[in-house]
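Participant: Got a structure for you, written out below as structure tokens; questions coming shortly.
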Number of protein chains: 2
Amino acid sequence: MSITSDILRGHTEAIILSHLLEKDSYGYQINKDIMKKTDNRYELKEATLYSAFRRLEQAGHIRTYWGDETTGARRRYYAVTDSGRQAYLSYKKEWEEAKEMIDHLLR
Amino acid sequence: MSITSDILRGHTEAIILSHLLEKDSYGYQINKDIMKKTDNRYELKEATLYSAFRRLEQAGHIRTYWGDETTGARRRYYAVTDSGRQAYLSYKKEWEEAKEMIDHLLR
DNA sequence: AAATATACCTTGACAGGCGAGGTATATTCT
DNA sequence: AGAATATACCTCGCCTGTCAAGGTATATTT
């Protein structure tokens, strides 16, 4: 496993929540968007993405609904819940703290 | 597993290398030092610490020697090798990049 | 007709973190 | 003197997030 993967580990859910806070979206799109946002430096792998969706839904942080496409493949959309908004803020705070700590420890 | 643990995951080796760059040290001491450095907000658990030592030694990033204590329990000291210095710099650079990326994705 | 793009999903392996347990020596407390 | 604590080392086996590999279905492009 690359170092990058391990450094990014644990941020998946926060990244998804953050992205969904902008607007509801679906798996395939999120995957593409993250790659674009990072200039292809980071790909949120599909298997990782879907297992994160399951955890987030299980925790009540997101809810899902099917899109009403009349053409093309069906899309399962995800939306952040109130609980998800809270979780995002909590994650964010934790990240700020962790960032400071790691910076300190790696000095 | 707490969120913090997952966020910290993957930084263990870098944290150890960084610490050893200051001065050679041994397991028990490093464990205490990290706790002190972080105001007890983060404990590098012993099992985690020792498995990281094994990996670092395996990779040639650290070498070990026994202390010459005439009293108290014996101490196994660890020292960073040239390869370890390189690895530290590489880790550090990756961290700076990852940090920027996560900040961007969590915006 | 075949290839590609869009879109969903599951399974099983892998690796790092760590709880729980173990050993041994020295010091402090009652 | 005996018990408890601190110092110091270590291993085993579970847990969990990541991801390679595989699968399905529809629409478009070649």
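Residue numbering restarts at 1 for every chain of the structure tokens, chains are lettered A, B, ... in their displayed order, and ligands are numbered from 1 as they appear.
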Identify all chain B residues at most 9 Å from chain D by counting only C-alpha atoms (C1' of nucleotides); ligands do not count. Present them as a ChimeraX atom specification.
Facilitator: /B:1,6,27-28,47,50,72-76
Participant: Let me see the file: selected residues, C-alpha atoms, as a compact mmCIF listing (two decimals), in the first residue's frame.
Facilitator:
# COMPACT_ATOMS: atom_id res chain seq x y z
CA MET B 1 -11.23 2.50 16.58
CA ASP B 6 -7.31 6.43 11.89
CA GLY B 27 10.96 2.24 23.22
CA TYR B 28 9.77 3.08 26.67
CA ALA B 47 2.31 -2.71 20.33
CA TYR B 50 7.30 -2.11 18.44
CA GLY B 72 17.67 -1.20 36.00
CA ALA B 73 16.16 -3.01 33.06
CA ARG B 74 18.11 -3.26 29.84
CA ARG B 75 17.32 -0.77 27.09
CA ARG B 76 17.35 -1.35 23.37
Participant: Give one line per residue of chain C that approaches chain A to at most 12 Å, naming the two atoms of the closest pair and their distance in Å to one decimal, counting only C-alpha atoms (C1' of nucleotides); sort by chain then ascending residue number and deliver it as a tab-separated table.
Facilitator:
residue	atom	partner	partner_atom	distance
C:DA5	C1'	A:Gly72	CA	10.6
C:DT6	C1'	A:Ala73	CA	6.6
C:DA7	C1'	A:Ala73	CA	5.2
C:DC8	C1'	A:Arg75	CA	7.6
C:DC9	C1'	A:Tyr50	CA	8.3
C:DT10	C1'	A:Ala47	CA	8.8
C:DT11	C1'	A:Ala47	CA	10.5
C:DC14	C1'	A:Met1	CA	8.7
C:DA15	C1'	A:Met1	CA	7.9
C:DG16	C1'	A:Asp6	CA	8.7
C:DG17	C1'	A:Asp6	CA	11.9
Participant: Just write the chosen residues, C-alpha atoms (C1' of nucleotides), as a compact mmCIF listing (two decimals), in the first residue's frame.
Facilitator:
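Below is the file that was written, again-v2.txt:
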# COMPACT_ATOMS: atom_id res chain seq x y z
C1' DA C 5 -18.48 5.29 -21.07
C1' DT C 6 -21.73 5.64 -17.52
C1' DA C 7 -23.47 3.71 -13.38
C1' DC C 8 -24.18 0.39 -9.78
C1' DC C 9 -22.28 -3.30 -6.50
C1' DT C 10 -19.68 -7.38 -3.67
C1' DT C 11 -15.97 -10.40 -2.12
C1' DC C 14 -3.94 -7.07 3.17
C1' DA C 15 -1.72 -4.13 6.56
C1' DG C 16 -1.42 -1.05 10.45
C1' DG C 17 -3.19 -0.23 15.09
Participant: With a distance threshold of 7 Å and counting only C-alpha atoms, extract the residues of chain A near chain B and express them as a ChimeraX atom specification.
Facilitator: /A:6-7,9-11,14-15,18,38,101,105-107
Participant: How would the residues just picked look written out with N, CA and C atoms as a compact mmCIF listing (two decimals), in the first residue's frame?
Facilitator:
# COMPACT_ATOMS: atom_id res chain seq x y z
N ASP A 6 -2.20 5.43 3.15
CA ASP A 6 -2.25 5.35 4.60
C ASP A 6 -2.42 6.71 5.25
N ILE A 7 -1.85 7.72 4.62
CA ILE A 7 -2.00 9.07 5.16
C ILE A 7 -3.43 9.55 4.98
N ARG A 9 -6.01 7.63 4.80
CA ARG A 9 -6.93 6.75 5.49
C ARG A 9 -7.64 7.46 6.64
N GLY A 10 -8.91 7.24 6.70
CA GLY A 10 -9.67 7.83 7.79
C GLY A 10 -10.30 9.16 7.42
N HIS A 11 -9.93 9.69 6.27
CA HIS A 11 -10.50 10.97 5.86
C HIS A 11 -11.63 10.79 4.86
N ALA A 14 -15.13 12.08 5.79
CA ALA A 14 -15.16 13.53 5.87
C ALA A 14 -15.13 14.15 4.48
N ILE A 15 -14.33 13.58 3.61
CA ILE A 15 -14.22 14.08 2.24
C ILE A 15 -15.56 13.95 1.53
N SER A 18 -18.07 16.46 3.05
CA SER A 18 -17.75 17.81 2.58
C SER A 18 -18.26 18.02 1.16
N THR A 38 -8.34 17.10 -7.22
CA THR A 38 -6.95 16.88 -6.80
C THR A 38 -5.99 16.74 -7.98
N MET A 101 -0.99 18.60 15.61
CA MET A 101 -0.22 17.61 16.38
C MET A 101 0.84 16.95 15.52
N LEU A 105 4.82 16.90 15.83
CA LEU A 105 5.58 15.67 16.01
C LEU A 105 6.59 15.42 14.88
N LEU A 106 6.31 16.02 13.74
CA LEU A 106 7.20 15.80 12.59
C LEU A 106 8.23 16.91 12.44
N ARG A 107 8.19 17.82 13.36
CA ARG A 107 9.06 18.99 13.26
C ARG A 107 10.53 18.57 13.21
Participant: Apply DSSP to the structure's backbone, then extract all residues of region 3-91 of chain A labelled strand (DSSP E) and return them as a ChimeraX atom specification.
Facilitator: /A:25-26,62-66,76-80
Participant: What lies within 7 Å of Tyr78 (chain B) using only C-alpha atoms (C1' of nucleotides), ignoring chain neighbours under 5 positions off, as a PyMOL selection string?
Facilitator: chain B and resi 24-26+62-65
Participant: If you run DSSP over the backbone, which residues in chain A end up alpha helix (DSSP H)? Put them as a PyMOL selection string.
Facilitator: chain A and resi 3-8+12-22+27-37+46-58+82-105
Participant: How many Å lie between CA of Glu43 (chain A) and CA of Glu69 (chain A), rounded to one decimal?
Facilitator: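 So the two atoms, CA of Glu43 (chain A) and CA of Glu69 (chain A), lie 26.1 Å apart.
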Participant: Determine the nearest neighbour of Phe53 (chain A) from the options A:Asp33, A:Ala79, A:Leu89, A:Asp68, counting only C-alpha atoms.
Facilitator: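 Selected residue with least distance to Phe53 (chain A): A:Ala79.
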Participant: What is the distance, in Å and to one decimal place, between CA of Lys36 (chain B) and CA of Glu13 (chain B)?
Facilitator: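 Between CA of Lys36 (chain B) and CA of Glu13 (chain B) the gap is 18.0 Å.
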Participant: Could you give me, as a list in words, the residues within 9 Å of Leu44 (chain B), counting only C-alpha atoms (C1' of nucleotides) and dropping anything in the same chain fewer than 5 positions from it?
Facilitator: Thr12, Ile30, Asn31, Lys32, Ile34, Met35 and Leu49 of chain B
Participant: Just how far from CA of Lys45 (chain A) is CA of Ala87 (chain A), in Å to one decimal?
Facilitator: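 It comes out at 22.2 Å.
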